[in-house]
>>> print(open('coords-v6.pdb').read())   # PDB, C-alpha atoms, pLDDT in the B column
ATOM      1  CA  MET A   1       0.000   0.000   0.000  1.00 52.00           C
ATOM      2  CA  ASN A   2       2.837   2.402   0.718  1.00 58.00           C
ATOM      3  CA  ARG A   3       4.131   1.631  -2.660  1.00 67.00           C
ATOM      4  CA  GLN A   4       0.863   2.653  -4.337  1.00 67.00           C
ATOM      5  CA  ILE A   5       0.792   5.891  -2.439  1.00 71.00           C
ATOM      6  CA  ILE A   6       4.315   6.674  -3.504  1.00 71.00           C
ATOM      7  CA  PHE A   7       3.486   5.970  -7.113  1.00 69.00           C
ATOM      8  CA  ALA A   8       0.443   8.161  -6.897  1.00 69.00           C
ATOM      9  CA  VAL A   9       2.401  11.061  -5.431  1.00 66.00           C
ATOM     10  CA  VAL A  10       5.086  10.719  -8.062  1.00 65.00           C
ATOM     11  CA  ALA A  11       2.449  10.689 -10.808  1.00 70.00           C
ATOM     12  CA  ILE A  12       0.812  13.796  -9.426  1.00 75.00           C
ATOM     13  CA  LEU A  13       4.167  15.580  -9.248  1.00 70.00           C
ATOM     14  CA  LEU A  14       4.919  14.681 -12.821  1.00 70.00           C
ATOM     15  CA  VAL A  15       1.578  15.984 -13.972  1.00 67.00           C
ATOM     16  CA  VAL A  16       1.990  19.231 -12.039  1.00 63.00           C
ATOM     17  CA  SER A  17       5.543  19.649 -13.371  1.00 66.00           C
ATOM     18  CA  GLY A  18       4.312  19.150 -16.928  1.00 65.00           C
ATOM     19  CA  ILE A  19       1.549  21.657 -16.525  1.00 68.00           C
ATOM     20  CA  GLY A  20       3.902  24.246 -15.098  1.00 61.00           C
ATOM     21  CA  PHE A  21       6.416  23.756 -17.888  1.00 59.00           C
ATOM     22  CA  TYR A  22       3.683  24.172 -20.438  1.00 61.00           C
ATOM     23  CA  VAL A  23       2.437  27.374 -18.884  1.00 56.00           C
ATOM     24  CA  ILE A  24       5.932  28.825 -18.609  1.00 59.00           C
ATOM     25  CA  SER A  25       6.748  28.000 -22.242  1.00 58.00           C
ATOM     26  CA  ARG A  26       3.547  29.678 -23.522  1.00 59.00           C
ATOM     27  CA  SER A  27       4.040  32.929 -21.649  1.00 53.00           C
ATOM     28  CA  LYS A  28       7.674  33.536 -22.807  1.00 51.00           C
ATOM     29  CA  PRO A  29       7.800  36.265 -25.583  1.00 51.00           C
ATOM     30  CA  ALA A  30       9.022  35.253 -28.985  1.00 48.00           C
ATOM     31  CA  PRO A  31      12.465  36.568 -29.923  1.00 51.00           C
ATOM     32  CA  VAL A  32      12.419  39.710 -32.171  1.00 47.00           C
ATOM     33  CA  GLU A  33      14.208  39.171 -35.410  1.00 52.00           C
ATOM     34  CA  THR A  34      16.715  41.912 -36.221  1.00 48.00           C
ATOM     35  CA  PRO A  35      16.509  42.899 -39.910  1.00 48.00           C
ATOM     36  CA  ALA A  36      19.684  42.323 -41.787  1.00 48.00           C
ATOM     37  CA  ALA A  37      21.555  45.494 -42.765  1.00 46.00           C
ATOM     38  CA  THR A  38      21.137  46.287 -46.455  1.00 49.00           C
ATOM     39  CA  THR A  39      23.693  48.040 -48.573  1.00 50.00           C
ATOM     40  CA  PRO A  40      22.156  50.967 -50.619  1.00 51.00           C
ATOM     41  CA  ALA A  41      22.163  50.397 -54.326  1.00 51.00           C
ATOM     42  CA  PRO A  42      24.568  52.626 -56.233  1.00 53.00           C
ATOM     43  CA  ILE A  43      22.966  55.611 -58.078  1.00 54.00           C
ATOM     44  CA  VAL A  44      23.209  55.023 -61.780  1.00 52.00           C
ATOM     45  CA  ALA A  45      22.659  58.007 -64.183  1.00 53.00           C
ATOM     46  CA  PRO A  46      19.915  57.358 -66.716  1.00 55.00           C
ATOM     47  CA  PRO A  47      21.150  56.672 -70.197  1.00 56.00           C
ATOM     48  CA  PRO A  48      20.840  59.559 -72.663  1.00 57.00           C
ATOM     49  CA  PRO A  49      17.642  59.490 -74.720  1.00 55.00           C
ATOM     50  CA  PRO A  50      18.066  57.904 -78.079  1.00 55.00           C
ATOM     51  CA  ALA A  51      18.271  60.265 -81.047  1.00 52.00           C
ATOM     52  CA  SER A  52      14.816  60.776 -82.487  1.00 53.00           C
ATOM     53  CA  ALA A  53      14.484  58.993 -85.701  1.00 52.00           C
ATOM     54  CA  PRO A  54      13.296  61.072 -88.675  1.00 53.00           C
ATOM     55  CA  PRO A  55       9.595  60.653 -89.260  1.00 53.00           C
ATOM     56  CA  SER A  56       8.957  57.952 -91.665  1.00 54.00           C
ATOM     57  CA  VAL A  57       7.492  59.110 -94.887  1.00 53.00           C
ATOM     58  CA  GLU A  58       4.769  56.869 -95.994  1.00 55.00           C
ATOM     59  CA  PRO A  59       5.114  56.244 -99.652  1.00 53.00           C
ATOM     60  CA  PRO A  60       2.168  57.538-101.615  1.00 53.00           C
ATOM     61  CA  ARG A  61      -0.372  54.969-102.189  1.00 58.00           C
ATOM     62  CA  ALA A  62      -1.949  54.796-105.515  1.00 51.00           C
ATOM     63  CA  SER A  63      -5.607  55.424-105.036  1.00 49.00           C
ATOM     64  CA  ARG A  64      -8.369  56.732-107.144  1.00 53.00           C
ATOM     65  CA  ARG A  65     -10.313  59.578-105.578  1.00 57.00           C
ATOM     66  CA  ALA A  66     -13.372  61.199-106.994  1.00 52.00           C
ATOM     67  CA  ALA A  67     -12.842  64.734-108.263  1.00 58.00           C
ATOM     68  CA  ALA A  68     -13.968  67.329-105.724  1.00 57.00           C
ATOM     69  CA  PRO A  69     -17.227  69.006-106.762  1.00 59.00           C
ATOM     70  CA  ALA A  70     -16.919  72.560-108.050  1.00 62.00           C
ATOM     71  CA  VAL A  71     -17.650  75.180-105.413  1.00 63.00           C
ATOM     72  CA  THR A  72     -20.711  77.182-106.375  1.00 69.00           C
ATOM     73  CA  THR A  73     -21.508  80.592-104.932  1.00 71.00           C
ATOM     74  CA  PRO A  74     -25.024  80.643-103.490  1.00 69.00           C
ATOM     75  CA  PRO A  75     -27.291  83.282-105.043  1.00 72.00           C
ATOM     76  CA  PRO A  76     -27.678  86.452-102.968  1.00 71.00           C
ATOM     77  CA  ALA A  77     -30.565  86.403-100.576  1.00 66.00           C
ATOM     78  CA  ALA A  78     -33.595  88.181-101.919  1.00 67.00           C
ATOM     79  CA  GLU A  79     -34.371  91.483-100.261  1.00 68.00           C
ATOM     80  CA  ALA A  80     -37.227  91.412 -97.823  1.00 61.00           C
ATOM     81  CA  PRO A  81     -40.403  92.795 -99.380  1.00 61.00           C
ATOM     82  CA  PRO A  82     -41.380  96.254 -98.134  1.00 56.00           C
ATOM     83  CA  ALA A  83     -43.957  96.543 -95.414  1.00 65.00           C
ATOM     84  CA  ALA A  84     -47.512  96.304 -96.650  1.00 70.00           C
ATOM     85  CA  ASP A  85     -48.326  99.838 -95.501  1.00 78.00           C
ATOM     86  CA  LEU A  86     -45.041 101.502 -96.458  1.00 92.00           C
ATOM     87  CA  VAL A  87     -45.407 104.806 -98.301  1.00 94.00           C
ATOM     88  CA  THR A  88     -42.483 106.497-100.054  1.00 96.00           C
ATOM     89  CA  LEU A  89     -43.271 110.141-100.749  1.00 96.00           C
ATOM     90  CA  ARG A  90     -40.912 112.214-102.894  1.00 97.00           C
ATOM     91  CA  ILE A  91     -41.522 115.952-103.226  1.00 97.00           C
ATOM     92  CA  ASP A  92     -39.649 118.121-105.717  1.00 97.00           C
ATOM     93  CA  SER A  93     -39.938 121.753-106.782  1.00 95.00           C
ATOM     94  CA  ASP A  94     -38.921 123.938-109.682  1.00 92.00           C
ATOM     95  CA  VAL A  95     -37.416 126.283-107.078  1.00 93.00           C
ATOM     96  CA  ALA A  96     -34.384 124.635-105.482  1.00 90.00           C
ATOM     97  CA  GLY A  97     -34.396 124.515-101.689  1.00 93.00           C
ATOM     98  CA  ALA A  98     -38.134 125.004-101.247  1.00 96.00           C
ATOM     99  CA  GLN A  99     -39.202 124.113 -97.700  1.00 97.00           C
ATOM    100  CA  VAL A 100     -41.437 121.036 -97.468  1.00 97.00           C
ATOM    101  CA  PHE A 101     -43.905 120.314 -94.667  1.00 97.00           C
ATOM    102  CA  VAL A 102     -46.109 117.243 -94.253  1.00 97.00           C
ATOM    103  CA  ASP A 103     -48.928 117.602 -91.735  1.00 96.00           C
ATOM    104  CA  ARG A 104     -47.171 120.756 -90.434  1.00 95.00           C
ATOM    105  CA  GLN A 105     -43.963 118.814 -89.776  1.00 95.00           C
ATOM    106  CA  PHE A 106     -40.815 119.983 -91.597  1.00 97.00           C
ATOM    107  CA  VAL A 107     -39.326 117.106 -93.607  1.00 96.00           C
ATOM    108  CA  GLY A 108     -36.566 118.907 -95.541  1.00 96.00           C
ATOM    109  CA  ALA A 109     -35.686 121.035 -98.543  1.00 96.00           C
ATOM    110  CA  ALA A 110     -36.835 119.958-101.996  1.00 96.00           C
ATOM    111  CA  PRO A 111     -36.061 117.550-103.449  1.00 96.00           C
ATOM    112  CA  VAL A 112     -36.783 115.402-100.402  1.00 96.00           C
ATOM    113  CA  THR A 113     -37.959 111.813 -99.848  1.00 96.00           C
ATOM    114  CA  THR A 114     -39.703 110.572 -96.734  1.00 96.00           C
ATOM    115  CA  THR A 115     -41.136 107.253 -95.569  1.00 95.00           C
ATOM    116  CA  GLU A 116     -42.411 108.683 -92.289  1.00 93.00           C
ATOM    117  CA  VAL A 117     -45.974 108.764 -93.544  1.00 94.00           C
ATOM    118  CA  LYS A 118     -48.801 106.259 -93.433  1.00 94.00           C
ATOM    119  CA  PRO A 119     -51.541 105.609 -95.959  1.00 95.00           C
ATOM    120  CA  GLY A 120     -54.324 108.136 -95.694  1.00 95.00           C
ATOM    121  CA  THR A 121     -54.963 111.841 -96.210  1.00 96.00           C
ATOM    122  CA  HIS A 122     -52.084 114.257 -95.556  1.00 97.00           C
ATOM    123  CA  GLN A 123     -51.641 118.006 -95.834  1.00 97.00           C
ATOM    124  CA  ILE A 124     -48.685 119.125 -97.974  1.00 97.00           C
ATOM    125  CA  ASN A 125     -47.269 122.643 -97.693  1.00 97.00           C
ATOM    126  CA  VAL A 126     -44.299 123.902 -99.692  1.00 97.00           C
ATOM    127  CA  SER A 127     -42.896 127.422 -99.499  1.00 96.00           C
ATOM    128  CA  ALA A 128     -40.298 129.282-101.565  1.00 95.00           C
ATOM    129  CA  THR A 129     -39.071 132.857-101.240  1.00 92.00           C
ATOM    130  CA  GLY A 130     -40.859 135.201-103.640  1.00 86.00           C
ATOM    131  CA  TYR A 131     -43.750 132.846-104.340  1.00 87.00           C
ATOM    132  CA  ASP A 132     -47.106 132.067-102.801  1.00 85.00           C
ATOM    133  CA  GLN A 133     -47.141 129.071-100.525  1.00 91.00           C
ATOM    134  CA  TYR A 134     -48.278 125.828-102.079  1.00 92.00           C
ATOM    135  CA  ALA A 135     -50.882 123.882-100.096  1.00 94.00           C
ATOM    136  CA  GLN A 136     -52.623 120.679-101.074  1.00 94.00           C
ATOM    137  CA  SER A 137     -54.364 117.776 -99.363  1.00 96.00           C
ATOM    138  CA  ILE A 138     -53.413 114.437-100.929  1.00 95.00           C
ATOM    139  CA  ASP A 139     -54.459 110.830-100.366  1.00 96.00           C
ATOM    140  CA  LEU A 140     -51.573 108.376-100.075  1.00 95.00           C
ATOM    141  CA  THR A 141     -51.701 104.636-100.646  1.00 95.00           C
ATOM    142  CA  PRO A 142     -48.945 102.033-100.031  1.00 95.00           C
ATOM    143  CA  GLY A 143     -46.158 102.399-102.568  1.00 95.00           C
ATOM    144  CA  SER A 144     -44.325 105.329-104.136  1.00 95.00           C
ATOM    145  CA  ARG A 145     -45.779 108.758-104.808  1.00 95.00           C
ATOM    146  CA  ASP A 146     -44.044 111.670-106.561  1.00 96.00           C
ATOM    147  CA  LEU A 147     -45.223 115.245-106.260  1.00 96.00           C
ATOM    148  CA  THR A 148     -43.675 118.179-108.116  1.00 94.00           C
ATOM    149  CA  VAL A 149     -44.540 121.709-107.033  1.00 94.00           C
ATOM    150  CA  ARG A 150     -44.165 124.223-109.858  1.00 91.00           C
ATOM    151  CA  PHE A 151     -43.947 127.666-108.315  1.00 91.00           C
ATOM    152  CA  LYS A 152     -42.955 129.228-111.621  1.00 89.00           C
ATOM    153  CA  GLU A 153     -46.184 128.151-113.261  1.00 91.00           C
ATOM    154  CA  VAL A 154     -49.178 130.435-112.754  1.00 91.00           C
ATOM    155  CA  ARG A 155     -52.096 128.584-111.199  1.00 88.00           C
ATOM    156  CA  LEU A 156     -55.533 130.011-110.708  1.00 92.00           C
ATOM    157  CA  ASP A 157     -59.004 128.616-110.126  1.00 94.00           C
ATOM    158  CA  ALA A 158     -61.366 131.315-108.882  1.00 95.00           C
ATOM    159  CA  LYS A 159     -65.087 131.864-109.187  1.00 95.00           C
ATOM    160  CA  ALA A 160     -67.539 134.594-108.157  1.00 95.00           C
ATOM    161  CA  ASN A 161     -71.281 134.856-108.534  1.00 95.00           C
ATOM    162  CA  VAL A 162     -72.058 138.304-109.918  1.00 95.00           C
ATOM    163  CA  VAL A 163     -74.726 140.542-111.343  1.00 94.00           C
ATOM    164  CA  HIS A 164     -73.904 142.547-114.461  1.00 92.00           C
ATOM    165  CA  LYS A 165     -75.504 145.972-114.498  1.00 84.00           C
ATOM    166  CA  HIS A 166     -76.643 147.087-117.941  1.00 81.00           C
ATOM    167  CA  GLY A 167     -77.580 150.573-118.935  1.00 74.00           C
ATOM    168  CA  ILE A 168     -81.116 149.332-118.545  1.00 80.00           C
ATOM    169  CA  GLY A 169     -81.610 146.254-116.381  1.00 81.00           C
ATOM    170  CA  SER A 170     -79.092 143.563-115.449  1.00 86.00           C
ATOM    171  CA  CYS A 171     -78.214 139.886-115.861  1.00 91.00           C
ATOM    172  CA  GLN A 172     -76.817 137.336-113.432  1.00 93.00           C
ATOM    173  CA  GLY A 173     -73.987 134.911-114.019  1.00 95.00           C
ATOM    174  CA  THR A 174     -70.599 133.592-112.838  1.00 96.00           C
ATOM    175  CA  LEU A 175     -67.083 134.939-113.348  1.00 96.00           C
ATOM    176  CA  VAL A 176     -64.576 132.116-113.779  1.00 97.00           C
ATOM    177  CA  ALA A 177     -60.823 132.818-113.778  1.00 97.00           C
ATOM    178  CA  THR A 178     -58.014 130.405-114.780  1.00 96.00           C
ATOM    179  CA  PRO A 179     -54.474 131.036-116.044  1.00 94.00           C
ATOM    180  CA  GLN A 180     -55.919 130.774-119.539  1.00 93.00           C
ATOM    181  CA  GLY A 181     -58.268 133.713-119.069  1.00 96.00           C
ATOM    182  CA  LEU A 182     -61.359 135.312-117.519  1.00 97.00           C
ATOM    183  CA  ARG A 183     -64.774 133.988-118.527  1.00 96.00           C
ATOM    184  CA  TYR A 184     -68.252 135.307-117.834  1.00 96.00           C
ATOM    185  CA  ASP A 185     -70.927 132.601-117.971  1.00 96.00           C
ATOM    186  CA  THR A 186     -74.509 133.871-118.210  1.00 94.00           C
ATOM    187  CA  THR A 187     -77.790 133.019-119.833  1.00 90.00           C
ATOM    188  CA  ASN A 188     -77.623 136.389-121.588  1.00 88.00           C
ATOM    189  CA  LYS A 189     -75.528 135.349-124.546  1.00 84.00           C
ATOM    190  CA  GLY A 190     -74.868 138.943-125.561  1.00 85.00           C
ATOM    191  CA  ASP A 191     -72.977 139.609-122.330  1.00 89.00           C
ATOM    192  CA  ALA A 192     -70.981 136.358-122.126  1.00 93.00           C
ATOM    193  CA  PHE A 193     -67.252 136.679-122.917  1.00 94.00           C
ATOM    194  CA  THR A 194     -63.869 134.998-122.589  1.00 95.00           C
ATOM    195  CA  VAL A 195     -60.663 137.046-122.574  1.00 96.00           C
ATOM    196  CA  PRO A 196     -56.983 136.353-121.719  1.00 96.00           C
ATOM    197  CA  LEU A 197     -55.934 137.871-118.401  1.00 95.00           C
ATOM    198  CA  THR A 198     -53.225 139.850-120.165  1.00 94.00           C
ATOM    199  CA  ASN A 199     -55.917 141.528-122.300  1.00 95.00           C
ATOM    200  CA  LEU A 200     -57.661 143.156-119.347  1.00 94.00           C
ATOM    201  CA  GLU A 201     -57.176 146.888-119.501  1.00 94.00           C
ATOM    202  CA  VAL A 202     -59.042 147.607-116.237  1.00 94.00           C
ATOM    203  CA  PHE A 203     -59.630 145.082-113.486  1.00 95.00           C
ATOM    204  CA  ALA A 204     -60.352 146.803-110.173  1.00 94.00           C
ATOM    205  CA  VAL A 205     -62.783 146.827-107.257  1.00 94.00           C
ATOM    206  CA  ASP A 206     -64.455 149.936-105.917  1.00 92.00           C
ATOM    207  CA  TYR A 207     -65.029 148.789-102.372  1.00 87.00           C
ATOM    208  CA  LEU A 208     -67.331 151.683-101.456  1.00 88.00           C
ATOM    209  CA  GLU A 209     -69.453 151.194-104.564  1.00 88.00           C
ATOM    210  CA  LYS A 210     -69.260 147.410-104.117  1.00 90.00           C
ATOM    211  CA  ASN A 211     -68.446 147.182-107.761  1.00 93.00           C
ATOM    212  CA  LEU A 212     -65.928 145.255-109.883  1.00 95.00           C
ATOM    213  CA  LYS A 213     -64.949 147.065-113.076  1.00 95.00           C
ATOM    214  CA  VAL A 214     -63.674 145.011-115.990  1.00 95.00           C
ATOM    215  CA  LYS A 215     -62.501 146.715-119.204  1.00 95.00           C
ATOM    216  CA  ILE A 216     -61.301 144.606-122.122  1.00 94.00           C
ATOM    217  CA  LYS A 217     -58.621 146.104-124.348  1.00 93.00           C
ATOM    218  CA  GLY A 218     -60.399 147.443-127.420  1.00 90.00           C
ATOM    219  CA  GLY A 219     -63.719 146.151-126.106  1.00 89.00           C
ATOM    220  CA  LYS A 220     -66.556 146.662-123.645  1.00 90.00           C
ATOM    221  CA  GLN A 221     -66.523 147.660-119.998  1.00 92.00           C
ATOM    222  CA  TYR A 222     -68.460 145.612-117.463  1.00 93.00           C
ATOM    223  CA  ASN A 223     -69.695 146.564-113.996  1.00 93.00           C
ATOM    224  CA  PHE A 224     -70.236 143.581-111.707  1.00 95.00           C
ATOM    225  CA  THR A 225     -71.782 143.508-108.254  1.00 94.00           C
ATOM    226  CA  ASP A 226     -72.325 140.722-105.705  1.00 93.00           C
ATOM    227  CA  PRO A 227     -75.892 139.305-105.661  1.00 92.00           C
ATOM    228  CA  MET A 228     -75.968 139.739-101.879  1.00 90.00           C
ATOM    229  CA  GLY A 229     -74.543 143.247-102.025  1.00 86.00           C
ATOM    230  CA  ASN A 230     -71.304 142.107-100.357  1.00 86.00           C
ATOM    231  CA  ALA A 231     -68.052 143.608-101.641  1.00 89.00           C
ATOM    232  CA  ASP A 232     -65.808 141.106 -99.790  1.00 93.00           C
ATOM    233  CA  SER A 233     -66.321 138.299-102.289  1.00 92.00           C
ATOM    234  CA  LEU A 234     -65.566 140.682-105.171  1.00 94.00           C
ATOM    235  CA  PHE A 235     -62.426 141.915-103.405  1.00 94.00           C
ATOM    236  CA  VAL A 236     -61.050 138.394-102.827  1.00 95.00           C
ATOM    237  CA  PHE A 237     -61.816 137.393-106.410  1.00 96.00           C
ATOM    238  CA  GLN A 238     -60.156 140.493-107.852  1.00 95.00           C
ATOM    239  CA  ARG A 239     -57.081 140.069-105.607  1.00 94.00           C
ATOM    240  CA  ASP A 240     -56.432 136.464-106.640  1.00 95.00           C
ATOM    241  CA  VAL A 241     -57.028 137.110-110.336  1.00 96.00           C
ATOM    242  CA  ASP A 242     -54.889 140.234-110.459  1.00 94.00           C
ATOM    243  CA  LYS A 243     -51.967 138.471-108.738  1.00 92.00           C
ATOM    244  CA  ALA A 244     -51.970 135.804-111.455  1.00 93.00           C
ATOM    245  CA  ARG A 245     -52.433 138.466-114.109  1.00 94.00           C
ATOM    246  CA  GLN A 246     -49.364 140.389-112.957  1.00 92.00           C
ATOM    247  CA  ARG A 247     -47.219 137.259-113.031  1.00 90.00           C
ATOM    248  CA  LEU A 248     -48.340 136.467-116.552  1.00 92.00           C
ATOM    249  CA  LEU A 249     -47.478 140.036-117.592  1.00 91.00           C
ATOM    250  CA  LYS A 250     -43.947 139.419-116.210  1.00 89.00           C
ATOM    251  CA  GLY A 251     -43.513 136.353-118.380  1.00 88.00           C
ATOM    252  CA  ASP A 252     -44.385 133.439-116.074  1.00 87.00           C
ATOM    253  CA  GLN A 253     -46.072 130.563-117.880  1.00 88.00           C
ATOM    254  CA  PRO A 254     -49.673 129.538-117.242  1.00 90.00           C
ATOM    255  CA  GLY A 255     -50.077 126.197-115.538  1.00 84.00           C
ATOM    256  CA  THR A 256     -52.768 123.619-116.193  1.00 75.00           C
ATOM    257  CA  ASN A 257     -55.517 123.134-113.639  1.00 62.00           C
TER     258      ASN A 257
END
>>> encode(input="coords-v6.pdb", output="structure tokens")
Amino acid sequence: MNRQIIFAVVAILLVVSGIGFYVISRSKPAPVETPAATTPAPIVAPPPPPASAPPSVEPPRASRRAAAPAVTTPPPAAEAPPAADLVTLRIDSDVAGAQVFVDRQFVGAAPVTTTEVKPGTHQINVSATGYDQYAQSIDLTPGSRDLTVRFKEVRLDAKANVVHKHGIGSCQGTLVATPQGLRYDTTNKGDAFTVPLTNLEVFAVDYLEKNLKVKIKGGKQYNFTDPMGNADSLFVFQRDVDKARQRLLKGDQPGTN
């Protein structure tokens, strides 16, 4: 029995010794390896770059290419059509530099062209030194319109209702004056006449007598009064006619009405 106990104790000691050895061997740190010293590699200069070879010239290859089409110049773009309501008004005059006004707005000296007008009725006034002012109302439509003012042509269109006093009685009619002459239209054929303005020997108004005296060279004398007894109409008629008459006597040419 003592022998069994001894064996048991020895076995226990061996087991304990083995366990302790195992524990001690596991807890011991592993040795650190020291890296081997390395010798730096020698610095070697890079080789010089190789000389660039001349670019290779590719030999022409025989090929058939279609002929390039001829370059054609495109036709010029067509001008845009004018606005549908555009009016081009050109005003000229036989007196250079005449001042032109459209609807009381100065547009320039003749000859002048303006597009600053719209279709419709417009008042045209043209003035020149030494001449009566020209005034006319015209209707404009889209497009071009030319107007020539002839100051040097004598224009006249005047009328006056009158009564012709005879030695005994009277007759009633109308005096009509144009650059071509003075005409008296009446139902009394013996008193009717037509005479050039330059052939009037006397053509004057007696304002107090309310009478217009007309004497034809080498012919009769007429005494005209206003049917209403008003001398103003006779005065205006005589003034306009005599102004045209004096211009014709100076050599200006009669215009056409």
>>> resolve_selection(input="coords-v6.pdb", expression="the PyMOL selection byres ((chain A and resi 230) around 12)", output="MDAnalysis selection string")
chainID A and resid 160:163 205:212 224:229 231:236
>>> residues_around(input="coords-v6.pdb", residues="Gln253 of chain A", least_positions_apart="4", cutoff="8 Å", atoms="all atoms listed in the file", output="list in words")
Lys152, Glu153, Val154 and Leu248 of chain A
>>> closest_residue(input="coords-v6.pdb", among="A:Gln221, A:Lys118, A:Ser144, A:Val107", to="Gly167 of chain A", atoms="all atoms listed in the file")
A:Gln221
>>> residues_around(input="coords-v6.pdb", residues="segment 121-131 of chain A", least_positions_apart="6", cutoff="8 Å", atoms="only C-alpha atoms", output="list in words")
Val95, Gly97, Ala98, Gln99, Val100, Phe101, Val102, Asp103, Arg104, Ser137, Ile138, Asp139, Leu140, Val149 and Phe151 of chain A
>>> closest_residue(input="coords-v6.pdb", among="A:Ala11, A:Cys171, A:Ala158, A:Leu147", to="Ile91 of chain A", atoms="only C-alpha atoms")
A:Leu147
>>> atom_distance(input="coords-v6.pdb", atom1="atom CA of Leu200 of chain A", atom2="atom CA of Asp252 of chain A")
16.8 Å
>>> atom_distance(input="coords-v6.pdb", atom1="atom CA of Phe106 of chain A", atom2="atom CA of Ala84 of chain A")
25.1 Å
>>> resolve_selection(input="coords-v6.pdb", expression="the PyMOL selection byres ((chain A and resi 85) around 10)", output="list in words")
Pro82, Ala83, Ala84, Leu86, Val87, Thr88, Val117, Lys118, Pro119, Thr141, Pro142 and Gly143 of chain A
>>> atom_distance(input="coords-v6.pdb", atom1="atom CA of Gly190 of chain A", atom2="atom CA of Val176 of chain A")
17.1 Å
>>> closest_residue(input="coords-v6.pdb", among="A:Thr114, A:Gln133, A:Thr186, A:Gln172", to="Arg145 of chain A", atoms="only C-alpha atoms")
A:Thr114
>>> residues_around(input="coords-v6.pdb", residues="Leu249 of chain A", least_positions_apart="4", cutoff="12 Å", atoms="all atoms listed in the file", output="list in words")
Val154, Pro179, Pro196, Leu197, Thr198, Asn199, Leu200, Asp242, Lys243, Ala244, Arg245, Gln253 and Pro254 of chain A
>>> resolve_selection(input="coords-v6.pdb", expression="the PyMOL selection byres ((chain A and resi 219) around 12)", output="ChimeraX atom specification")
/A:191,193-195,199-202,214-218,220-222
>>> residues_around(input="coords-v6.pdb", residues="Asp157 of chain A", least_positions_apart="6", cutoff="12 Å", atoms="all atoms listed in the file", output="PyMOL selection string")
chain A and resi 175-183+237+240-241+244+254-257
